[in-house]
file run15.cif (mmCIF, C-alpha atoms)
data_coords
loop_
_atom_site.label_atom_id
_atom_site.label_comp_id
_atom_site.auth_asym_id
_atom_site.auth_seq_id
_atom_site.Cartn_x
_atom_site.Cartn_y
_atom_site.Cartn_z
CA MET V 109 0.00 0.00 0.00
CA PHE V 110 2.78 2.46 0.94
CA ARG V 111 4.81 1.58 -2.16
CA LYS V 112 1.82 2.33 -4.38
CA TYR V 113 1.34 5.70 -2.68
CA LYS V 114 5.04 6.51 -3.04
CA SER V 115 4.84 6.15 -6.82
CA VAL V 116 2.10 8.83 -7.08
CA ARG V 117 3.15 10.94 -4.09
CA TRP V 118 4.20 14.00 -6.06
CA ILE V 119 0.98 13.96 -8.08
CA VAL V 120 -0.98 13.94 -4.82
CA HIS V 121 1.12 16.85 -3.50
CA ILE V 122 0.58 18.90 -6.66
CA LEU V 123 -3.16 18.29 -6.53
CA PHE V 124 -3.24 19.24 -2.83
CA TRP V 125 -1.42 22.53 -3.36
CA GLY V 126 -3.52 23.26 -6.45
CA VAL V 127 -6.75 22.88 -4.47
CA TYR V 128 -5.23 24.86 -1.58
CA PHE V 129 -4.28 27.69 -3.96
CA CYS V 130 -7.79 27.86 -5.41
CA ILE V 131 -9.45 27.96 -1.99
CA MET V 132 -7.03 30.00 0.13
CA VAL V 133 -4.99 32.15 -2.28
CA LEU V 134 -7.04 32.87 -5.37
CA PRO V 135 -9.76 34.81 -3.51
CA GLY V 136 -7.09 37.32 -2.46
CA PHE V 137 -6.56 38.23 -6.11
CA PHE V 138 -9.87 40.06 -6.10
CA ASN V 139 -8.53 42.61 -3.61
CA LYS V 140 -7.50 45.97 -5.01
CA GLY V 141 -3.90 46.52 -5.93
CA SER V 142 -1.20 44.40 -7.51
CA ASN V 143 0.78 44.42 -4.26
CA ALA V 144 -1.98 42.43 -2.57
CA GLN V 145 -1.88 39.78 -5.25
CA VAL V 146 1.92 39.47 -5.02
CA TYR V 147 1.68 39.29 -1.22
CA TYR V 148 -0.75 36.36 -1.34
CA VAL V 149 1.46 34.46 -3.81
CA VAL V 150 4.60 35.11 -1.74
CA GLN V 151 2.84 33.98 1.46
CA PHE V 152 1.72 30.83 -0.37
CA LEU V 153 5.31 30.10 -1.50
CA ILE V 154 6.66 30.69 2.04
CA LEU V 155 4.15 28.18 3.41
CA ILE V 156 5.19 25.62 0.79
CA ALA V 157 8.88 26.17 1.57
CA ALA V 158 8.35 25.82 5.33
CA THR V 159 6.25 22.68 4.83
CA TYR V 160 8.85 20.92 2.68
CA ILE V 161 11.70 21.87 5.00
CA ASN V 162 9.75 19.87 7.57
CA ILE V 163 8.94 16.99 5.21
CA LEU V 164 12.28 16.62 3.43
CA TRP V 165 14.67 17.53 6.23
CA LEU V 166 13.24 17.55 9.77
CA ILE V 167 11.12 14.41 9.49
CA ARG V 168 13.80 12.42 7.67
CA LYS V 169 16.69 13.52 9.87
CA TYR V 170 15.10 13.68 13.31
CA PHE V 171 11.60 12.22 13.47
CA ALA V 172 12.45 9.04 11.55
CA SER V 173 15.44 8.41 13.82
CA GLU V 174 13.41 8.83 17.04
CA LYS V 175 15.00 12.22 17.89
CA HIS V 176 11.65 13.75 18.75
CA ILE V 177 12.89 16.60 20.95
CA LYS V 178 15.26 17.84 18.25
CA TYR V 179 12.48 17.43 15.70
CA PHE V 180 10.00 19.64 17.57
CA ILE V 181 12.69 22.23 18.30
CA GLY V 182 13.51 22.33 14.59
CA LEU V 183 9.82 22.58 13.70
CA PHE V 184 9.46 25.52 16.10
CA PHE V 185 12.35 27.40 14.44
CA VAL V 186 10.96 26.72 10.95
CA TRP V 187 7.65 28.15 12.13
CA LEU V 188 9.43 31.26 13.46
CA LEU V 189 11.33 31.69 10.19
CA GLY V 190 8.08 31.31 8.27
CA LEU V 191 6.45 33.98 10.41
CA ALA V 192 9.41 36.31 9.94
CA ALA V 193 9.40 35.80 6.18
CA THR V 194 5.64 36.35 5.96
CA TYR V 195 5.84 39.54 8.03
CA SER V 196 8.81 40.76 5.96
CA SER V 197 6.86 40.22 2.74
CA TRP V 198 4.00 42.21 4.23
CA LEU V 199 6.35 45.14 4.95
CA LEU V 200 8.11 44.77 1.59
CA PHE V 201 4.94 45.02 -0.44
CA ASP V 202 3.33 47.49 1.95
CA TYR V 203 0.18 45.40 2.30
CA PRO V 204 -2.24 46.26 3.74
CA HIS V 205 -1.57 50.00 3.70
CA THR V 206 -3.04 50.70 7.12
CA THR V 207 -0.26 51.72 9.50
CA GLY V 208 -2.79 52.67 12.15
CA LYS V 209 -3.77 49.02 12.61
CA LEU V 210 -0.23 47.62 12.64
CA LEU V 211 -0.57 45.42 15.75
CA LYS V 212 -3.88 44.00 14.58
CA MET V 213 -2.49 43.07 11.18
CA ILE V 214 0.67 41.52 12.68
CA LEU V 215 -1.47 39.30 14.92
CA ALA V 216 -3.72 38.38 12.00
CA THR V 217 -0.70 37.44 9.89
CA MET V 218 0.75 35.29 12.68
CA ILE V 219 -2.56 33.51 13.33
CA VAL V 220 -3.33 32.79 9.67
CA PHE V 221 0.18 31.51 8.89
CA SER V 222 0.38 29.49 12.11
CA LEU V 223 -2.97 27.79 11.50
CA GLN V 224 -2.04 26.93 7.94
CA PHE V 225 1.46 25.75 8.85
CA PHE V 226 0.50 23.60 11.84
CA LEU V 227 -2.62 22.06 10.29
CA ILE V 228 -0.72 20.95 7.19
CA ASN V 229 2.28 19.68 9.14
CA LEU V 230 0.11 18.05 11.79
CA TYR V 231 -1.55 16.01 9.05
CA LYS V 232 1.87 15.06 7.65
CA LEU V 233 3.16 14.15 11.10
CA ALA V 234 0.10 12.02 11.84
CA LYS V 235 0.54 10.21 8.54
CA GLU V 236 4.23 9.58 9.21
CA TRP V 237 3.37 8.23 12.65
CA TYR V 238 0.78 5.90 11.14
CA ILE V 239 3.13 4.68 8.38
CA LYS V 240 5.87 4.12 10.93
CA SER V 241 3.58 2.11 13.21
CA GLN V 242 2.41 -0.01 10.25
CA LYS V 243 6.00 -0.68 9.21
CA THR V 244 6.82 -1.68 12.78
CA LYS V 245 3.89 -4.11 12.78
CA GLU V 246 5.03 -5.54 9.44
CA LEU V 247 8.57 -6.02 10.78
CA GLU V 248 7.22 -7.74 13.90
CA LEU V 249 5.07 -9.98 11.72
CA GLU V 250 8.06 -10.88 9.53
CA LYS V 251 10.08 -11.65 12.66
CA VAL V 252 7.31 -13.92 13.95
CA ARG V 253 7.11 -15.68 10.58
CA ALA V 254 10.89 -16.16 10.53
CA GLU V 255 10.84 -17.61 14.07
CA LEU V 256 7.97 -19.90 13.14
CA ASN V 257 9.75 -21.13 9.99
CA LEU V 258 12.90 -21.78 12.03
CA LEU V 259 10.95 -23.82 14.58
CA ARG V 260 9.27 -25.77 11.78
CA SER V 261 12.61 -26.56 10.15
CA GLN V 262 13.99 -27.76 13.49
CA LEU V 263 10.92 -29.93 13.98
CA ASP V 264 11.14 -31.46 10.49
CA ALA V 265 14.82 -32.35 10.90
CA HIS V 266 14.25 -33.78 14.37
CA PHE V 267 11.30 -35.86 13.20
CA LEU V 268 13.19 -37.22 10.18
CA PHE V 269 16.21 -38.15 12.30
CA ASN V 270 14.13 -40.12 14.80
CA THR V 271 12.01 -41.85 12.15
CA LEU V 272 15.05 -42.95 10.14
CA ASN V 273 16.53 -44.41 13.32
CA ASN V 274 13.35 -46.44 13.80
CA LEU V 275 13.48 -47.67 10.21
CA TYR V 276 17.14 -48.58 10.62
CA LEU V 277 16.25 -50.82 13.56
CA LEU V 278 13.51 -52.54 11.54
CA VAL V 279 15.91 -53.18 8.65
CA LEU V 280 18.57 -54.56 11.02
CA GLU V 281 15.97 -56.94 12.42
CA LYS V 282 14.88 -57.83 8.85
CA SER V 283 11.34 -57.13 9.92
CA ASP V 284 8.46 -57.65 7.48
CA LYS V 285 7.15 -54.32 8.73
CA ALA V 286 10.00 -52.37 7.07
CA PRO V 287 8.39 -51.92 3.59
CA ASP V 288 5.09 -50.72 5.07
CA ALA V 289 6.94 -48.43 7.44
CA LEU V 290 8.94 -46.96 4.54
CA LEU V 291 5.74 -46.29 2.57
CA MET V 292 4.18 -44.64 5.60
CA LEU V 293 7.29 -42.50 6.07
CA SER V 294 6.95 -41.38 2.45
CA ASP V 295 3.39 -40.16 3.17
CA LEU V 296 4.54 -38.34 6.29
CA LEU V 297 7.40 -36.61 4.49
CA SER V 298 5.05 -35.60 1.68
CA TYR V 299 2.89 -33.83 4.25
CA THR V 300 5.79 -32.10 6.02
CA LEU V 301 7.40 -30.97 2.76
CA TYR V 302 4.41 -29.86 0.70
CA GLU V 303 1.60 -28.96 3.09
CA SER V 304 2.93 -28.20 6.55
CA HIS V 305 4.47 -24.85 5.57
CA GLU V 306 1.10 -23.22 5.02
CA ASP V 307 -0.19 -20.84 7.68
CA LYS V 308 -3.11 -23.15 8.41
CA VAL V 309 -4.09 -26.62 7.20
CA ALA V 310 -7.30 -28.60 7.38
CA LEU V 311 -7.63 -30.23 10.79
CA THR V 312 -8.50 -33.55 9.19
CA LYS V 313 -5.14 -33.62 7.37
CA GLU V 314 -3.28 -32.83 10.56
CA LEU V 315 -5.04 -35.64 12.42
CA THR V 316 -4.30 -38.07 9.58
CA PHE V 317 -0.63 -37.13 9.88
CA ILE V 318 -0.68 -37.83 13.63
CA GLU V 319 -2.43 -41.15 13.09
CA ASN V 320 0.19 -42.20 10.52
CA TYR V 321 2.99 -41.15 12.84
CA ILE V 322 1.57 -43.21 15.73
CA ASN V 323 1.14 -46.23 13.45
CA LEU V 324 4.72 -45.82 12.28
CA GLN V 325 5.88 -45.83 15.89
CA LYS V 326 3.85 -48.98 16.56
CA PHE V 327 5.91 -50.86 13.95
CA ARG V 328 8.83 -50.98 16.35
CA LEU V 329 6.72 -51.92 19.41
CA SER V 330 5.37 -55.24 20.57
CA GLU V 331 1.67 -55.93 21.00
CA GLU V 332 2.08 -55.92 24.79
CA GLN V 333 3.06 -52.27 24.74
CA ASP V 334 -0.15 -50.28 25.20
CA VAL V 335 -0.44 -47.43 22.69
CA HIS V 336 -3.93 -46.05 22.22
CA CYS V 337 -5.17 -42.96 20.39
CA GLN V 338 -8.79 -41.81 20.20
CA VAL V 339 -10.18 -38.91 18.17
CA LYS V 340 -13.74 -37.79 18.81
CA GLY V 341 -15.97 -34.84 18.20
CA SER V 342 -17.50 -32.95 15.28
CA PHE V 343 -15.50 -32.05 12.18
CA LYS V 344 -16.49 -29.19 9.91
CA ASP V 345 -14.08 -26.73 8.32
CA GLN V 346 -11.68 -26.31 11.24
CA ARG V 347 -8.12 -25.35 10.39
CA ILE V 348 -5.02 -25.53 12.56
CA GLU V 349 -1.38 -24.52 12.61
CA PRO V 350 0.43 -27.46 10.94
CA LEU V 351 2.41 -29.82 13.18
CA ILE V 352 1.42 -27.84 16.28
CA LEU V 353 0.46 -31.06 18.13
CA PHE V 354 3.35 -33.13 16.87
CA ASN V 355 5.93 -32.35 19.58
CA PHE V 356 3.48 -33.31 22.32
CA ILE V 357 2.67 -36.63 20.63
CA GLU V 358 6.35 -37.32 19.97
CA ASN V 359 7.24 -36.56 23.58
CA CYS V 360 4.91 -39.35 24.72
CA PHE V 361 7.06 -41.90 22.92
CA LYS V 362 10.33 -40.34 24.10
CA HIS V 363 9.17 -40.35 27.74
CA ALA V 364 8.01 -43.95 27.60
CA ASP V 365 10.89 -45.44 25.60
CA GLY V 366 12.86 -47.99 27.56
CA ASN V 367 10.21 -48.89 30.14
CA VAL V 368 9.61 -52.50 29.08
CA LEU V 369 12.94 -53.39 27.54
CA VAL V 370 15.15 -51.92 30.25
CA TYR V 371 13.20 -51.42 33.44
CA GLY V 372 10.44 -53.97 33.14
CA SER V 373 7.75 -51.42 33.95
CA GLU V 374 4.57 -50.99 31.96
CA TYR V 375 4.80 -49.18 28.62
CA TYR V 376 1.65 -47.17 27.94
CA ILE V 377 0.67 -44.13 25.89
CA HIS V 378 -2.93 -42.93 25.91
CA ILE V 379 -3.89 -40.05 23.64
CA THR V 380 -7.29 -38.42 23.31
CA ILE V 381 -8.16 -35.60 20.91
CA GLN V 382 -11.56 -33.96 21.43
CA ILE V 383 -12.88 -31.66 18.69
CA ASP V 384 -15.62 -29.11 19.30
CA ALA V 385 -16.86 -26.40 16.93
CA ASP V 386 -14.05 -23.96 17.72
CA LYS V 387 -11.91 -25.81 20.24
CA LEU V 388 -9.45 -28.69 20.26
CA ILE V 389 -8.49 -30.52 23.45
CA LEU V 390 -5.46 -32.80 23.44
CA LYS V 391 -4.92 -35.11 26.41
CA THR V 392 -1.87 -37.35 26.71
CA ASN V 393 -0.94 -39.77 29.45
CA ASN V 394 2.13 -41.99 29.41
CA GLY V 395 4.55 -43.84 31.62
CA VAL V 396 7.97 -42.33 32.17
CA ALA V 397 11.23 -44.27 31.95
CA LEU V 398 14.23 -43.42 34.12
CA ALA V 399 15.55 -41.07 31.43
CA ASN V 400 19.22 -40.47 30.84
CA ASP V 401 20.53 -36.93 30.47
CA LEU V 402 20.43 -36.96 26.66
CA LYS V 403 16.79 -38.04 26.53
CA ALA V 404 15.79 -35.45 29.14
CA THR V 405 17.56 -32.73 27.12
CA ASN V 406 15.83 -33.75 23.86
CA CYS V 407 12.42 -33.80 25.54
CA GLY V 408 13.04 -30.35 27.01
CA VAL V 409 14.05 -28.86 23.67
CA GLY V 410 11.04 -30.39 21.91
CA LEU V 411 8.62 -29.10 24.55
CA LYS V 412 10.21 -25.64 24.49
CA ASN V 413 9.87 -25.46 20.70
CA ALA V 414 6.25 -26.60 20.90
CA ILE V 415 5.35 -23.91 23.45
CA ASN V 416 7.21 -21.27 21.41
CA ARG V 417 5.14 -22.23 18.39
CA LEU V 418 1.96 -22.01 20.43
CA ASN V 419 2.92 -18.53 21.63
CA ILE V 420 3.56 -17.38 18.06
CA ALA V 421 0.58 -19.02 16.38
CA TYR V 422 -2.10 -18.74 19.09
CA ASP V 423 -0.80 -16.20 21.61
CA LYS V 424 -3.43 -16.13 24.40
CA LYS V 425 -5.80 -18.56 22.67
CA TYR V 426 -4.45 -21.70 24.29
CA ILE V 427 -4.15 -23.26 27.73
CA ILE V 428 -1.63 -25.95 28.61
CA ASP V 429 -1.43 -27.98 31.81
CA ILE V 430 1.40 -30.46 32.49
CA GLN V 431 1.49 -32.91 35.38
CA GLU V 432 4.68 -34.91 35.84
CA SER V 433 5.95 -37.44 38.35
CA ASP V 434 8.73 -40.02 38.45
CA THR V 435 6.53 -42.62 36.77
CA GLU V 436 3.89 -40.72 34.79
CA TYR V 437 3.57 -37.72 32.47
CA SER V 438 0.21 -36.11 31.68
CA LEU V 439 -0.62 -33.15 29.48
CA THR V 440 -3.83 -31.29 28.62
CA LEU V 441 -3.73 -28.73 25.83
CA THR V 442 -6.74 -26.62 24.81
CA ILE V 443 -6.54 -24.54 21.61
CA HIS V 444 -9.20 -22.15 20.36
CA LEU V 445 -9.07 -22.75 16.63
CA HIS V 446 -11.11 -19.81 15.36
CA ASP V 447 -10.11 -16.13 15.62
#
call {"tool": "encode", "arguments": {"input": "run15.cif", "output": "structure tokens"}}
result
Amino acid sequence: MFRKYKSVRWIVHILFWGVYFCIMVLPGFFNKGSNAQVYYVVQFLILIAATYINILWLIRKYFASEKHIKYFIGLFFVWLLGLAATYSSWLLFDYPHTTGKLLKMILATMIVFSLQFFLINLYKLAKEWYIKSQKTKELELEKVRAELNLLRSQLDAHFLFNTLNNLYLLVLEKSDKAPDALLMLSDLLSYTLYESHEDKVALTKELTFIENYINLQKFRLSEEQDVHCQVKGSFKDQRIEPLILFNFIENCFKHADGNVLVYGSEYYIHITIQIDADKLILKTNNGVALANDLKATNCGVGLKNAINRLNIAYDKKYIIDIQESDTEYSLTLTIHLHD
């Protein structure tokens, strides 16, 4: 919007001053005497000069660089110079020729010039303030988008690394599940590469991705290991930030890994996703292995990234509650999907 205005800015300025001349200056031409006509034109040119000193110098040098005190001091001196030049032109052209009303005419000249000068420059200043605030918002939005893209790229790399490790184990074991797992990985990568970088995706696609991911994880687990996921509720046209739930689902498997094979405790992951018209509720409950330092670090990084993404994408439109003990980890996440 601002670039389009910039291309026609001078046309807008010429039109403005043309209309201003017709309304404020031209009527003065009907006064008697050529000196009066010259005085009105000179006063008009002084106002233009003072205005563009503000626009082209003061605003660019001081206001744009946040030096507001210097800017307003400079604006005050330009106003004084404009008054002095206007008064000098009045004396030079001897208009109006009424020396008995000198004080009255000086005050009138000061008031008229001051009103014109400050109204025009107040409009310009307000516009500059608005443009600056909009640019600041655009920069903040670009920063948020950059942070979000960085978090997504970290998530994609982390997910691919872990999934390839799982496939590697299946191949080493010469498992019959390996071909199906590879095909499922292909579908997951297709989603992360071609669809997950949109601002919002259909909720149904996101849930399909989660279901495929859980099934892929099940390939490396035995039937005795209890992994259960339930999705319920009403589906319409809800959309969601892509992969926003993924870290929380992935953390369930990272927390529980090692329980059966190493410690002999029960391996369980229970996931429930409830969908309402404008709200999604994710509940996870899983056993916790006696994690080593590396696993604890990875879980912490994944959770931190997930919460950062929630802050960026949903701000105050989500609630998260985490309950953790030595043997169990529970999470409830509520997201308001609609603006």
call {"tool": "atom_distance", "arguments": {"input": "run15.cif", "atom1": "CA of Val339 in chain V", "atom2": "CA of Ala286 in chain V"}}
result
26.7 Å
call {"tool": "residues_around", "arguments": {"input": "run15.cif", "residues": "Ser222 in chain V", "least_positions_apart": "4", "cutoff": "12 Å", "atoms": "all atoms listed in the file", "output": "count of residues only"}}
result
24
call {"tool": "atom_distance", "arguments": {"input": "run15.cif", "atom1": "CA of Leu324 in chain V", "atom2": "CA of Glu358 in chain V"}}
result
11.6 Å
call {"tool": "residues_around", "arguments": {"input": "run15.cif", "residues": "Ser438 in chain V", "least_positions_apart": "3", "cutoff": "10 Å", "atoms": "all atoms listed in the file", "output": "list in words"}}
result
Cys360, Ile377, His378, Ile379, Lys391, Thr392, Asn393, Asn394, Gly395, Val396, Asp429, Ile430, Gln431, Glu432 and Ser433 of chain V
call {"tool": "closest_residue", "arguments": {"input": "run15.cif", "among": "V:Leu329, V:Ile389, V:Leu297, V:Ile383", "to": "Ser342 in chain V", "atoms": "only C-alpha atoms"}}
result
V:Ile383
call {"tool": "residues_around", "arguments": {"input": "run15.cif", "residues": "Lys344 in chain V", "least_positions_apart": "2", "cutoff": "10 Å", "atoms": "all atoms listed in the file", "output": "VMD selection string"}}
result
chain V and resid 310 to 312 342 346 to 347 383 to 386
call {"tool": "write_last_selection", "arguments": {"input": "run15.cif", "atoms": "C-alpha atoms", "output": "tab-separated table (two decimals), in the coordinates of the input"}}
result
chain	number	residue	atom	x	y	z
V	310	ALA	CA	-7.30	-28.60	7.38
V	311	LEU	CA	-7.63	-30.23	10.79
V	312	THR	CA	-8.50	-33.55	9.19
V	342	SER	CA	-17.50	-32.95	15.28
V	346	GLN	CA	-11.68	-26.31	11.24
V	347	ARG	CA	-8.12	-25.35	10.39
V	383	ILE	CA	-12.88	-31.66	18.69
V	384	ASP	CA	-15.62	-29.11	19.30
V	385	ALA	CA	-16.86	-26.40	16.93
V	386	ASP	CA	-14.05	-23.96	17.72
call {"tool": "atom_distance", "arguments": {"input": "run15.cif", "atom1": "CA of Ile352 in chain V", "atom2": "CA of Lys326 in chain V"}}
result
21.3 Å
call {"tool": "axis_aligned_box", "arguments": {"input": "run15.cif", "around": "range 380-390 of chain V", "padding_each_side": "6 Å", "output": "AutoDock Vina command-line options"}}
result
--center_x -11.2 --center_y -31.2 --center_z 20.2 --size_x 23.4 --size_y 26.5 --size_z 18.5
call {"tool": "closest_residue", "arguments": {"input": "run15.cif", "among": "V:Leu441, V:Ala172, V:Met292, V:Ile415", "to": "Trp237 in chain V", "atoms": "only C-alpha atoms"}}
result
V:Ala172
call {"tool": "closest_residue", "arguments": {"input": "run15.cif", "among": "V:Asn419, V:Ser304, V:Thr244, V:Thr440", "to": "Leu351 in chain V", "atoms": "all atoms listed in the file"}}
result
V:Ser304
call {"tool": "residues_around", "arguments": {"input": "run15.cif", "residues": "Pro287 in chain V", "least_positions_apart": "3", "cutoff": "12 Å", "atoms": "all atoms listed in the file", "output": "PyMOL selection string"}}
result
chain V and resi 275-276+278-279+282-284+290-294+324+327
